[in-house]
Every structure is written in structure tokens, then in C-alpha cells.
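Novice: So I've got this file, input-v2.cif, and it contains mmCIF, C-alpha atoms:
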data_structure
#
loop_
_atom_site.label_atom_id
_atom_site.label_comp_id
_atom_site.auth_asym_id
_atom_site.auth_seq_id
_atom_site.Cartn_x
_atom_site.Cartn_y
_atom_site.Cartn_z
CA MET A 1 -90.35 -1.81 83.10
CA TYR A 2 -89.70 -1.85 79.36
CA THR A 3 -90.93 -4.41 76.86
CA VAL A 4 -89.97 -4.58 73.20
CA GLU A 5 -93.65 -4.41 72.27
CA SER A 6 -94.17 -1.15 74.19
CA LEU A 7 -91.06 0.41 72.64
CA VAL A 8 -92.24 -0.51 69.15
CA ALA A 9 -95.61 1.09 69.93
CA GLN A 10 -93.84 4.28 71.13
CA ILE A 11 -91.70 4.35 67.97
CA GLN A 12 -94.81 4.03 65.78
CA GLY A 13 -96.61 6.80 67.70
CA LEU A 14 -93.79 9.29 68.18
CA SER A 15 -92.14 9.56 64.75
CA SER A 16 -94.25 12.22 63.08
CA SER A 17 -93.08 15.61 64.41
CA ALA A 18 -89.91 17.19 65.78
CA GLY A 19 -91.37 17.39 69.28
CA ASP A 20 -92.42 13.75 69.22
CA LEU A 21 -89.00 12.69 67.95
CA SER A 22 -87.31 14.54 70.81
CA LEU A 23 -89.49 12.68 73.30
CA LEU A 24 -88.89 9.38 71.51
CA LEU A 25 -85.12 9.94 71.62
CA THR A 26 -85.32 10.35 75.41
CA HIS A 27 -87.23 7.07 75.74
CA LEU A 28 -84.82 5.23 73.46
CA LYS A 29 -81.77 6.45 75.37
CA GLN A 30 -83.29 5.22 78.59
CA ALA A 31 -84.12 1.85 77.02
CA ASP A 32 -80.77 1.41 75.27
CA GLU A 33 -79.33 -1.03 77.83
CA PHE A 34 -82.56 -3.04 77.77
CA LEU A 35 -82.41 -3.29 73.97
CA HIS A 36 -78.84 -4.59 74.07
CA ASN A 37 -79.82 -7.21 76.64
CA GLU A 38 -82.64 -8.33 74.32
CA SER A 39 -80.53 -8.15 71.13
CA THR A 40 -81.08 -11.79 70.14
CA ARG A 41 -84.86 -11.44 69.82
CA LEU A 42 -85.19 -8.02 68.16
CA PHE A 43 -85.13 -8.95 64.46
CA PRO A 44 -88.83 -9.91 64.15
CA PHE A 45 -89.86 -6.51 65.54
CA LEU A 46 -88.04 -4.67 62.74
CA GLU A 47 -90.68 -6.00 60.35
CA GLN A 48 -93.27 -3.93 62.22
CA LEU A 49 -91.39 -0.69 61.50
CA ASP A 50 -90.93 1.28 58.29
CA PRO A 51 -87.31 2.53 57.95
CA THR A 52 -88.59 5.57 56.05
CA LEU A 53 -91.20 6.61 58.65
CA HIS A 54 -89.58 5.29 61.84
CA SER A 55 -85.88 5.85 61.06
CA LEU A 56 -84.82 6.83 64.59
CA GLY A 57 -86.49 3.90 66.36
CA TYR A 58 -85.49 1.48 63.62
CA LEU A 59 -81.88 2.66 64.06
CA TYR A 60 -81.83 1.98 67.80
CA ILE A 61 -83.25 -1.52 67.41
CA LEU A 62 -80.99 -2.31 64.44
CA GLU A 63 -77.88 -1.11 66.29
CA ALA A 64 -78.72 -3.29 69.31
CA SER A 65 -79.38 -6.27 67.01
CA THR A 66 -75.95 -5.98 65.36
CA SER A 67 -73.93 -5.21 68.50
CA GLY A 68 -72.96 -8.85 69.16
CA PRO A 69 -70.93 -11.38 67.17
CA VAL A 70 -72.36 -12.16 63.72
CA THR A 71 -72.08 -15.47 61.89
CA ASN A 72 -71.65 -15.80 58.15
CA GLU A 73 -75.27 -16.85 57.73
CA GLN A 74 -76.51 -13.93 59.83
CA ALA A 75 -74.32 -11.54 57.84
CA ARG A 76 -76.10 -12.47 54.60
CA ARG A 77 -79.43 -11.50 56.14
CA LEU A 78 -78.12 -8.39 57.84
CA VAL A 79 -76.47 -7.00 54.72
CA LEU A 80 -79.84 -6.93 52.96
CA LEU A 81 -81.57 -5.45 56.00
CA ILE A 82 -79.01 -2.71 56.62
CA SER A 83 -78.72 -1.88 52.91
CA ARG A 84 -82.45 -1.22 52.81
CA PHE A 85 -82.25 0.94 55.92
CA LEU A 86 -79.26 3.03 54.77
CA THR A 87 -80.82 3.82 51.41
CA SER A 88 -84.32 4.64 52.74
CA CYS A 89 -83.83 6.22 56.19
CA VAL A 90 -84.56 9.91 56.80
CA ALA A 91 -81.45 12.06 57.34
CA ASP A 92 -83.09 14.39 59.88
CA GLN A 93 -83.96 11.45 62.13
CA ILE A 94 -80.70 9.52 62.02
CA ARG A 95 -78.73 12.71 62.74
CA LEU A 96 -80.37 12.74 66.17
CA ALA A 97 -78.28 9.65 67.02
CA PRO A 98 -75.10 9.86 64.90
CA GLU A 99 -73.11 7.46 67.12
CA LYS A 100 -75.72 4.73 66.61
CA PHE A 101 -75.80 5.35 62.87
CA ILE A 102 -72.02 5.15 62.61
CA ALA A 103 -71.99 1.92 64.63
CA VAL A 104 -74.53 0.36 62.24
CA CYS A 105 -72.53 1.48 59.20
CA LYS A 106 -69.28 0.07 60.57
CA SER A 107 -71.02 -3.21 61.38
CA PHE A 108 -72.35 -3.23 57.81
CA LYS A 109 -68.86 -2.68 56.41
CA ASP A 110 -67.49 -5.56 58.48
CA GLN A 111 -70.26 -7.86 57.24
CA VAL A 112 -69.74 -7.17 53.52
CA LEU A 113 -66.02 -7.77 54.05
CA MET A 114 -66.82 -11.02 55.87
CA LEU A 115 -68.88 -12.08 52.85
CA GLU A 116 -66.02 -10.97 50.55
CA ALA A 117 -68.50 -8.84 48.60
CA PRO A 118 -67.32 -5.22 49.05
CA ILE A 119 -69.24 -4.06 45.99
CA ARG A 120 -72.50 -4.64 47.92
CA GLY A 121 -71.46 -1.95 50.37
CA VAL A 122 -70.66 0.84 47.91
CA VAL A 123 -74.10 2.35 47.24
CA PRO A 124 -75.50 1.98 50.80
CA LEU A 125 -72.39 3.55 52.37
CA LEU A 126 -72.42 6.38 49.83
CA GLU A 127 -76.00 7.13 50.88
CA ALA A 128 -74.97 6.92 54.53
CA VAL A 129 -72.15 9.44 54.04
CA LYS A 130 -74.48 11.86 52.27
CA LYS A 131 -77.12 11.59 54.98
CA LEU A 132 -74.80 11.86 57.97
CA ARG A 133 -72.47 14.61 56.86
CA SER A 134 -73.00 18.31 57.12
CA SER A 135 -71.39 20.64 54.62
CA GLU A 136 -67.56 20.53 54.54
CA HIS A 137 -67.41 18.10 57.49
CA LEU A 138 -65.32 14.91 57.46
CA THR A 139 -67.16 12.06 59.18
CA THR A 140 -65.70 8.79 60.39
CA LEU A 141 -67.65 7.07 57.58
CA HIS A 142 -65.66 8.77 54.81
CA PRO A 143 -62.56 6.55 55.11
CA ASP A 144 -64.72 3.42 55.50
CA PHE A 145 -66.58 4.26 52.29
CA LEU A 146 -63.34 4.92 50.39
CA GLN A 147 -61.88 1.63 51.64
CA ILE A 148 -64.92 -0.26 50.34
CA CYS A 149 -64.64 1.53 46.98
CA LEU A 150 -60.98 0.55 46.75
CA LEU A 151 -61.69 -3.11 47.50
CA ALA A 152 -64.58 -3.13 45.02
CA LYS A 153 -62.49 -1.20 42.45
CA CYS A 154 -65.28 1.40 42.17
CA TYR A 155 -62.83 4.27 41.82
CA LYS A 156 -65.20 6.65 40.05
CA THR A 157 -67.82 6.34 42.80
CA GLY A 158 -65.18 6.91 45.48
CA PHE A 159 -63.85 9.95 43.65
CA SER A 160 -67.29 11.58 43.80
CA ILE A 161 -66.85 12.52 47.49
CA LEU A 162 -63.23 13.64 47.03
CA GLU A 163 -64.35 16.63 44.98
CA ASP A 164 -65.88 18.25 48.07
CA ASP A 165 -63.78 20.62 50.17
CA ILE A 166 -63.23 19.48 53.76
CA PHE A 167 -62.75 22.07 56.51
CA GLU A 168 -63.89 20.25 59.67
CA VAL A 169 -62.26 17.10 61.05
CA ASP A 170 -63.16 15.32 64.29
CA GLN A 171 -60.40 12.70 64.56
CA PRO A 172 -56.89 12.95 63.04
CA ARG A 173 -56.91 9.24 62.18
CA ASP A 174 -60.04 9.71 60.06
CA PHE A 175 -58.26 12.50 58.19
CA TYR A 176 -55.14 10.38 57.59
CA LEU A 177 -57.18 7.45 56.27
CA TYR A 178 -59.43 9.70 54.17
CA CYS A 179 -56.43 11.26 52.44
CA TYR A 180 -54.57 7.95 52.10
CA TYR A 181 -57.50 5.99 50.65
CA GLY A 182 -58.49 9.04 48.61
CA GLY A 183 -55.00 9.21 47.16
CA MET A 184 -55.23 5.55 46.14
CA ILE A 185 -58.65 6.17 44.56
CA CYS A 186 -57.14 9.00 42.51
CA ILE A 187 -54.22 6.78 41.48
CA GLY A 188 -56.75 4.23 40.22
CA GLN A 189 -58.38 7.04 38.23
CA LYS A 190 -54.99 8.27 36.92
CA ARG A 191 -55.68 11.63 38.58
CA PHE A 192 -52.15 11.99 39.84
CA GLN A 193 -52.29 15.69 40.72
CA LYS A 194 -55.22 15.17 43.10
CA ALA A 195 -53.51 12.04 44.48
CA LEU A 196 -50.38 14.09 45.24
CA GLU A 197 -52.47 16.69 47.04
CA LEU A 198 -54.15 14.11 49.28
CA LEU A 199 -50.99 12.10 50.02
CA HIS A 200 -49.11 15.33 50.74
CA ASN A 201 -51.75 16.14 53.37
CA VAL A 202 -50.89 12.91 55.17
CA VAL A 203 -47.10 13.19 55.17
CA THR A 204 -47.14 16.84 56.24
CA ALA A 205 -49.94 16.60 58.83
CA PRO A 206 -48.95 17.44 62.43
CA MET A 207 -48.10 14.28 64.37
CA SER A 208 -46.06 13.59 67.48
CA SER A 209 -44.51 10.49 65.88
CA ILE A 210 -44.65 8.83 62.49
CA ASN A 211 -47.58 6.44 62.17
CA ALA A 212 -48.04 3.51 59.78
CA ILE A 213 -50.53 5.43 57.63
CA ALA A 214 -48.03 8.25 57.04
CA VAL A 215 -45.26 5.78 56.16
CA GLU A 216 -47.42 4.05 53.54
CA ALA A 217 -48.61 7.41 52.21
CA PHE A 218 -45.00 8.56 51.91
CA LYS A 219 -44.10 5.56 49.72
CA LYS A 220 -46.93 6.30 47.33
CA TYR A 221 -46.20 10.02 47.44
CA VAL A 222 -42.67 9.40 46.18
CA LEU A 223 -43.84 7.12 43.37
CA VAL A 224 -46.69 9.38 42.23
CA SER A 225 -44.38 12.41 42.36
CA LEU A 226 -41.96 10.66 40.01
CA ILE A 227 -44.78 9.65 37.66
CA TYR A 228 -46.39 13.09 37.57
CA ASN A 229 -43.52 15.53 38.16
CA GLY A 230 -40.38 13.51 37.48
CA GLN A 231 -39.02 14.44 40.92
CA ILE A 232 -40.10 14.41 44.56
CA TYR A 233 -38.69 17.72 45.69
CA ALA A 234 -37.18 20.93 44.42
CA GLY A 235 -34.37 22.58 46.31
CA GLY A 236 -34.42 20.24 49.28
CA PHE A 237 -36.72 18.06 51.31
CA GLU A 238 -37.80 21.08 53.34
CA VAL A 239 -40.06 22.02 50.43
CA LEU A 240 -41.84 18.70 50.71
CA PHE A 241 -42.18 18.44 54.47
CA GLY A 242 -41.74 21.95 55.81
CA PHE A 243 -39.78 20.82 58.87
CA HIS A 244 -36.34 19.23 59.16
CA SER A 245 -37.56 17.13 62.09
CA LEU A 246 -40.25 15.48 59.96
CA THR A 247 -37.67 14.77 57.27
CA ARG A 248 -35.40 13.03 59.75
CA LEU A 249 -38.32 10.87 60.89
CA PHE A 250 -39.22 9.69 57.39
CA LEU A 251 -35.81 9.01 55.88
CA PRO A 252 -34.84 6.03 58.10
CA PHE A 253 -38.14 4.30 57.27
CA GLU A 254 -38.09 4.56 53.51
CA GLN A 255 -34.53 4.96 52.27
CA LEU A 256 -35.45 2.45 49.53
CA TYR A 257 -37.85 4.91 47.92
CA ILE A 258 -35.46 7.84 48.28
CA GLU A 259 -32.79 5.81 46.47
CA LEU A 260 -35.32 5.01 43.76
CA ALA A 261 -35.91 8.73 43.27
CA ASN A 262 -32.17 9.39 43.15
CA THR A 263 -31.72 6.67 40.52
CA TYR A 264 -34.62 8.11 38.54
CA SER A 265 -33.03 11.57 38.55
CA ILE A 266 -29.97 10.20 36.68
CA GLY A 267 -32.23 9.61 33.67
CA LYS A 268 -30.87 6.23 32.58
CA ILE A 269 -33.45 3.52 32.01
CA SER A 270 -30.96 0.68 32.42
CA GLU A 271 -29.88 1.83 35.90
CA LEU A 272 -33.48 2.37 37.00
CA GLU A 273 -34.56 -1.08 35.81
CA THR A 274 -31.55 -2.71 37.53
CA TYR A 275 -32.41 -1.01 40.84
CA ILE A 276 -36.05 -2.03 40.57
CA GLN A 277 -35.18 -5.62 39.72
CA THR A 278 -32.79 -5.79 42.69
CA ASN A 279 -35.53 -4.59 45.08
CA ARG A 280 -38.50 -6.14 43.29
CA GLU A 281 -39.56 -8.30 46.25
CA LYS A 282 -39.65 -5.31 48.59
CA PHE A 283 -41.75 -3.23 46.20
CA ASP A 284 -44.04 -6.22 45.65
CA SER A 285 -44.49 -6.79 49.40
CA ASP A 286 -45.45 -3.10 49.74
CA ASN A 287 -48.09 -3.61 47.01
CA ASN A 288 -46.41 -0.85 45.03
CA LEU A 289 -44.92 -2.84 42.14
CA GLY A 290 -47.61 -1.61 39.74
CA LEU A 291 -46.78 2.02 40.57
CA VAL A 292 -43.07 1.28 40.26
CA LYS A 293 -43.64 -0.03 36.72
CA GLN A 294 -45.47 3.21 35.92
CA VAL A 295 -42.40 5.08 37.21
CA VAL A 296 -40.31 3.27 34.57
CA SER A 297 -42.85 4.16 31.89
CA SER A 298 -42.82 7.79 33.01
CA MET A 299 -39.06 7.98 32.51
CA TYR A 300 -39.54 7.22 28.81
CA LYS A 301 -42.03 10.09 28.69
CA ARG A 302 -39.65 12.45 30.51
CA ASN A 303 -36.85 11.63 28.09
CA ILE A 304 -39.13 12.21 25.11
CA GLN A 305 -40.26 15.53 26.61
CA ARG A 306 -36.62 16.59 26.88
CA LEU A 307 -36.24 15.97 23.14
CA THR A 308 -39.02 18.50 22.43
CA GLN A 309 -36.88 21.19 24.07
CA THR A 310 -33.99 20.49 21.67
CA TYR A 311 -35.43 19.37 18.33
CA LEU A 312 -38.16 20.58 16.01
CA THR A 313 -38.26 17.34 14.03
CA LEU A 314 -36.88 13.91 14.79
CA SER A 315 -37.33 10.45 13.33
CA LEU A 316 -39.01 7.68 15.27
CA GLN A 317 -35.83 5.64 14.95
CA ASP A 318 -33.78 8.42 16.54
CA ILE A 319 -36.32 8.76 19.34
CA ALA A 320 -36.15 4.99 19.97
CA ASN A 321 -32.35 5.06 20.07
CA THR A 322 -32.12 8.13 22.32
CA VAL A 323 -34.80 7.04 24.78
CA GLN A 324 -33.65 3.39 24.76
CA LEU A 325 -36.83 1.91 23.29
CA SER A 326 -36.69 -1.38 21.41
CA SER A 327 -38.14 -0.21 18.08
CA PRO A 328 -39.53 2.78 16.16
CA LYS A 329 -43.00 1.23 16.52
CA GLU A 330 -42.72 1.33 20.32
CA ALA A 331 -41.49 4.93 20.09
CA GLU A 332 -44.54 5.76 17.95
CA MET A 333 -46.89 4.27 20.55
CA HIS A 334 -45.30 6.34 23.32
CA VAL A 335 -45.49 9.54 21.28
CA LEU A 336 -49.12 8.93 20.31
CA GLN A 337 -50.09 8.29 23.93
CA MET A 338 -48.34 11.46 25.06
CA ILE A 339 -50.10 13.48 22.36
CA GLN A 340 -53.45 12.02 23.45
CA ASP A 341 -52.73 12.85 27.13
CA GLY A 342 -51.71 16.41 26.23
CA GLU A 343 -48.16 15.90 27.52
CA ILE A 344 -46.57 16.99 24.23
CA TYR A 345 -47.80 18.62 21.05
CA ALA A 346 -46.59 16.93 17.87
CA THR A 347 -47.56 15.39 14.53
CA ILE A 348 -46.28 12.13 13.05
CA ASN A 349 -45.67 11.71 9.34
CA GLN A 350 -46.47 8.04 8.74
CA ARG A 351 -44.82 8.06 5.32
CA ASP A 352 -41.28 8.93 6.36
CA GLY A 353 -41.53 8.20 10.11
CA MET A 354 -40.73 11.76 11.18
CA VAL A 355 -42.11 13.49 14.26
CA ARG A 356 -42.62 17.25 14.23
CA PHE A 357 -42.82 18.91 17.66
CA LEU A 358 -45.23 21.84 18.02
CA GLU A 359 -45.85 24.68 20.47
CA ASP A 360 -48.69 24.57 22.99
CA PRO A 361 -51.75 25.76 21.02
CA GLU A 362 -53.55 27.06 24.13
CA GLN A 363 -53.92 30.85 23.94
CA TYR A 364 -55.81 31.17 27.26
CA LYS A 365 -58.57 33.23 25.67
CA THR A 366 -61.33 30.72 24.99
CA CYS A 367 -64.62 30.82 26.88
CA GLU A 368 -63.84 27.50 28.56
CA MET A 369 -60.47 28.71 29.79
CA ILE A 370 -61.92 32.00 31.07
CA GLU A 371 -64.62 30.06 32.95
CA HIS A 372 -61.96 27.76 34.41
CA ILE A 373 -59.83 30.70 35.58
CA ASP A 374 -62.88 32.47 37.02
CA SER A 375 -63.90 29.29 38.87
CA SER A 376 -60.40 28.95 40.33
CA ILE A 377 -60.40 32.59 41.48
CA GLN A 378 -63.83 32.18 43.13
CA ARG A 379 -62.64 29.02 44.91
CA ILE A 380 -59.52 30.79 46.20
CA MET A 381 -61.60 33.74 47.43
CA THR A 382 -63.93 31.35 49.28
CA LEU A 383 -60.93 29.60 50.82
CA SER A 384 -59.46 32.95 51.89
CA LYS A 385 -62.70 33.87 53.68
CA LYS A 386 -62.72 30.49 55.39
CA LEU A 387 -59.15 30.91 56.62
CA THR A 388 -59.89 34.40 57.89
CA ALA A 389 -62.93 33.15 59.80
CA MET A 390 -60.95 30.24 61.27
CA ASP A 391 -58.14 32.57 62.29
CA GLU A 392 -60.59 34.87 64.08
CA LEU A 393 -62.25 31.87 65.77
CA ILE A 394 -58.94 30.46 67.01
CA SER A 395 -57.71 33.86 68.20
CA CYS A 396 -60.76 34.06 70.49
CA ASP A 397 -60.62 30.48 71.73
CA PRO A 398 -60.04 30.39 75.54
CA LEU A 399 -57.94 27.19 75.39
CA TYR A 400 -55.69 28.64 72.69
CA LEU A 401 -55.29 31.94 74.54
CA ALA A 402 -54.49 30.10 77.79
CA LYS A 403 -51.82 28.01 76.05
CA VAL A 404 -50.28 31.01 74.31
CA GLY A 405 -50.32 32.89 77.60
CA ARG A 406 -48.40 30.10 79.33
CA GLU A 407 -45.82 29.83 76.56
CA ARG A 408 -45.35 33.53 75.85
CA GLN A 409 -42.18 35.02 77.27
CA ARG A 410 -42.47 37.98 79.57
CA PHE A 411 -41.07 41.23 78.25
CA ASP A 412 -40.06 44.33 80.13
CA PHE A 413 -41.37 47.64 78.96
CA ASP A 414 -37.78 48.60 78.19
CA ASP A 415 -37.75 45.99 75.42
CA PHE A 416 -40.14 48.07 73.33
CA ASP A 417 -39.38 51.29 71.50
CA SER A 418 -41.03 54.33 72.93
CA VAL A 419 -44.16 55.39 71.08
CA PRO A 420 -44.95 59.09 70.67
CA GLN A 421 -48.20 60.12 72.31
CA LYS A 422 -49.14 62.66 69.65
CA PHE A 423 -48.57 62.92 65.93
CA ASN A 424 -48.46 66.10 63.93
CA ILE A 425 -50.07 65.77 60.52
#
Please render this file's structure as C-alpha cells.
Specialist:
Amino acid sequence: MYTVESLVAQIQGLSSSAGDLSLLLTHLKQADEFLHNESTRLFPFLEQLDPTLHSLGYLYILEASTSGPVTNEQARRLVLLISRFLTSCVADQIRLAPEKFIAVCKSFKDQVLMLEAPIRGVVPLLEAVKKLRSSEHLTTLHPDFLQICLLAKCYKTGFSILEDDIFEVDQPRDFYLYCYYGGMICIGQKRFQKALELLHNVVTAPMSSINAIAVEAFKKYVLVSLIYNGQIYAGGFEVLFGFHSLTRLFLPFEQLYIELANTYSIGKISELETYIQTNREKFDSDNNLGLVKQVVSSMYKRNIQRLTQTYLTLSLQDIANTVQLSSPKEAEMHVLQMIQDGEIYATINQRDGMVRFLEDPEQYKTCEMIEHIDSSIQRIMTLSKKLTAMDELISCDPLYLAKVGRERQRFDFDDFDSVPQKFNI
């Protein structure tokens, strides 16, 4: 017969070595149902444990304590308690019970959202992700952490985990949400190229039917593509999706965004603004109106970039007239911003209001550029080795071989060309 007191004593005595922890884990698994039945009276016993020394036992008791409904008042206390545990627990111990750790983290996320204080969850969940994950593995906590960062507007902190390469995924939904929230984090950071990469992963991921995450990702993919590239496809939608069937699934859902892209491709600001104004409520209800406004701003930039391909010098007044800006001053602000962002190379003569367009000064021979190219080559080589290893692993997988064997058509020997038995060299 278990008592909470005896379990606490076991936790305190069996948390020092790997062998003791293995024995403790067995005891805790056997007592798990008992702990959940006693969940309402467990909080005082947590004060007898140190989350740094007794991480595994502390985790089991904490998970049982938070398994039931939580009031607003209880949430205030729990947020402090769980924050302390997530930042101080030992990774090697909590990895012995990852399901319990994930349950505690998800309960923590729900509580900070209940308190409408998502910023209080950013640092603890970042620590939790670091402690739970193994290298290149996507955990179910990744999308939860990114969601909290989005709500707290801590885009830079969220971006810190997006720089890691992911090669292992447990659940497809976690992958969809990771890429979707990650894409939104990158949009908040104005890192549109990385946002396109992540959103593209969602809309092209294998799926039996279109899900709500993919639909929302597709909307943002179209808008970010227009902002960054000025188009959403080149030579047909097959380039974007890879399969005609996937294209047919998406088009009925989001014809509005396809029409926006078509209007954008005409290159006339007035027509684009009219279309946006007509469908403003729809874009607003999708929470994409801010991105849509950036699409309009990007058209001015595209039109100015086209001028650099035709003219060597041009007055600010001519730029304003051609691009349909209200004044030379507004044209100057656009040109200055584009120069600062590295989108064009030009100088402005303030005295006569003339803009001189220049060639790209990059000669690709500086030390920084050579280091960048070398880093890219090394990353591609690493990726190539990973793909080769995965291919070999899949080719030996019994389930894969069984499926291929069932689907493979039978061939007669007559279907193959005869092969000579000997070769003369």
C-alpha cells in the first residue's frame, strides 16, 4: 500500500545514480494511479523536494497535481511552481519520463494563456524544449513554444529554435504547426525567405486531405511570395505544389488569394488597391490585412526595381509619376529604404533631386563571402549524407519492403533484355 510520505522518501533516497533512478522510475510507474487519485493533496509535498536534485520524482508528483481542472487562482500559483521546475530540472532525469514532462508543459501553456500572460511562458518553455529534445528531433513542445512566442510577440526568441535543422518528426500535426507558427515568427522578423521555406513545407507536405493548418499556411504563402518574390509561381502551379491533385485541392479554398496574385501581376497599383478594398473584410477576418498592405508596398518596390533595368539616372519626380506615388518626397523615402535593405544600389543627389542607379558592388571575393559560400557547401554536404543514410534505412525497413512487394507488378522474364554471361575486355 502506497502513501505519499513513503513515495517522497523513496524519491529523496533514489535520485543520486543511474541505477537508483531506474528503480525509482519503476516505483513511480506503479504508483502513478495512486498519485492521480491523491492529486488534490500533493502540493505541500513538493516543498520537501528539490527540483534540481529530485527532478524525476518531482515531475511525477507535479504532473499528477496538474492533471485535473485548474481555477484562475490555482493557475497563478502553478505558473510560478512550474516555471521554477522547468528552468531548474535536470535533463537526464526528465527524459526518463518524456510523456509526463510534455503533459506538465502543455498544462503550463494552458495556464499562462488562462492568465492572459503568454510572455511568462516564453523562457520556461524555451528551457523545456532544450532539455527534452535530442539533436535534430522535432518534439511536440516546439509548436507550443512558437505559439507562446507569437502571442507574446517575442519573435527573436522564437526564431532561435528555427535555425536548427529538423530531420526527425513524430507526429505530422506537430510538423505542420511548427512550420506554420515558425513562418509567422519569421514574418514578424521580416525574414521572408525563411518564412517561405517553412510555409512551403506545410502546403507541400503529404496529406490525404487538405487540413485547416495547410489552408491558413497557403494564404500566408501567397502573400509572402508576393512581398518577397513578386509572384507565387513560375511556369505553373506544379512548381509550387509538385502535384496537380494538390493544386486542385487548394484552389477551391482560396481563390481570393489567387485572384490577388493575378491582380498583382498586372503591375497597376490602382487595380490592386481596388481589389483589396473590395475584399478588405475577408482579408481582415483572416488576420492577413497587415500582410496585404505589405503586398501593396512591395508593388511600389517592384516598379522601382523595374526602372533600374531601364534607366541609369532618373528624377524623383519621374519616379513618383511612373510608380504612382503622391510626391517626390515619398519616392525618395521608398528609394532610401530600398537602398538600406540592399534591394537596389543607387545614390540620390539632394541638390537636383536626381537618382543614379548603380551596379551590384558585390564581387564575391571577400573573406566574408568565401566563408558564407564554404558554410553553405558544408551544410549541403551534411544534408546529402543525411539523405543517403535515410535512403539506406528506408530501403532496409521491413514495413516498406512489404508494402513495395505488395504494390510491385509481376514481370515475366521475357520482359527483360537478355544479359550476356561473359564479357570480353
Novice: I'd like to see the residues matched by the PyMOL selection byres ((chain A and resi 16) around 12) on this file, and ideally I'd get them as a PyMOL selection string.
Specialist: chain A and resi 10-15+17-24+52-57+90+92-93
Novice: Just to be explicit: take each residue in the selection above, keep C-alpha atoms, and write the result as a PDB file, keeping the file's coordinate frame.
Specialist:
ATOM      1  CA  GLN A  10     -93.840   4.280  71.130  1.00  0.00           C
ATOM      2  CA  ILE A  11     -91.700   4.350  67.970  1.00  0.00           C
ATOM      3  CA  GLN A  12     -94.810   4.030  65.780  1.00  0.00           C
ATOM      4  CA  GLY A  13     -96.610   6.800  67.700  1.00  0.00           C
ATOM      5  CA  LEU A  14     -93.790   9.290  68.180  1.00  0.00           C
ATOM      6  CA  SER A  15     -92.140   9.560  64.750  1.00  0.00           C
ATOM      7  CA  SER A  17     -93.080  15.610  64.410  1.00  0.00           C
ATOM      8  CA  ALA A  18     -89.910  17.190  65.780  1.00  0.00           C
ATOM      9  CA  GLY A  19     -91.370  17.390  69.280  1.00  0.00           C
ATOM     10  CA  ASP A  20     -92.420  13.750  69.220  1.00  0.00           C
ATOM     11  CA  LEU A  21     -89.000  12.690  67.950  1.00  0.00           C
ATOM     12  CA  SER A  22     -87.310  14.540  70.810  1.00  0.00           C
ATOM     13  CA  LEU A  23     -89.490  12.680  73.300  1.00  0.00           C
ATOM     14  CA  LEU A  24     -88.890   9.380  71.510  1.00  0.00           C
ATOM     15  CA  THR A  52     -88.590   5.570  56.050  1.00  0.00           C
ATOM     16  CA  LEU A  53     -91.200   6.610  58.650  1.00  0.00           C
ATOM     17  CA  HIS A  54     -89.580   5.290  61.840  1.00  0.00           C
ATOM     18  CA  SER A  55     -85.880   5.850  61.060  1.00  0.00           C
ATOM     19  CA  LEU A  56     -84.820   6.830  64.590  1.00  0.00           C
ATOM     20  CA  GLY A  57     -86.490   3.900  66.360  1.00  0.00           C
ATOM     21  CA  VAL A  90     -84.560   9.910  56.800  1.00  0.00           C
ATOM     22  CA  ASP A  92     -83.090  14.390  59.880  1.00  0.00           C
ATOM     23  CA  GLN A  93     -83.960  11.450  62.130  1.00  0.00           C
TER      24      GLN A  93
END
Novice: Rank A:Ile148, A:Cys179, A:Met381, A:Leu199 by their smallest atom-to-atom distance to Ala117 of chain A, using all atoms listed in the file, and report the top residue only.
Specialist: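 Closest to Ala117 of chain A of all the choices is A:Ile148.
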Novice: With only C-alpha atoms as the atoms that count, which of A:Thr347, A:Ser6, A:Gln231, A:Ser395 lies nearest to Ser298 of chain A?
Specialist: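 Residue with the minimum atom-to-atom distance to Ser298 of chain A: A:Gln231.
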Novice: Could you work out how far atom CA of Thr313 of chain A lies from atom CA of Gln350 of chain A, giving the answer in Å with one decimal?
Specialist: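 Answer for the atom CA of Gln350 of chain A to atom CA of Thr313 of chain A separation: 13.5 Å.
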Novice: Just want the 12 Å neighbourhood of Met184 of chain A, counted on only C-alpha atoms, with same-chain residues fewer than 5 positions away dropped. Output as an MDAnalysis selection string.
Specialist: chainID A and resid 143 146:147 149:151 153:156 158:159 162 177:179 189:199 216:217 219:221 223:224 287:288 291
Novice: On this structure, which residues satisfy the PyMOL selection byres ((chain A and resi 303) around 12), written as number ranges by chain?
Specialist: A: 230, 264-269, 296-302, 304-310, 319-325, 331, 334-335, 338, 344
Novice: Could you pull the residues within 12 Å of Leu80 of chain A, counting all atoms listed in the file, minus those fewer than 6 positions along the same chain, as a PyMOL selection string?
Specialist: chain A and resi 73-74+86-87+108+111-112+120-121+124
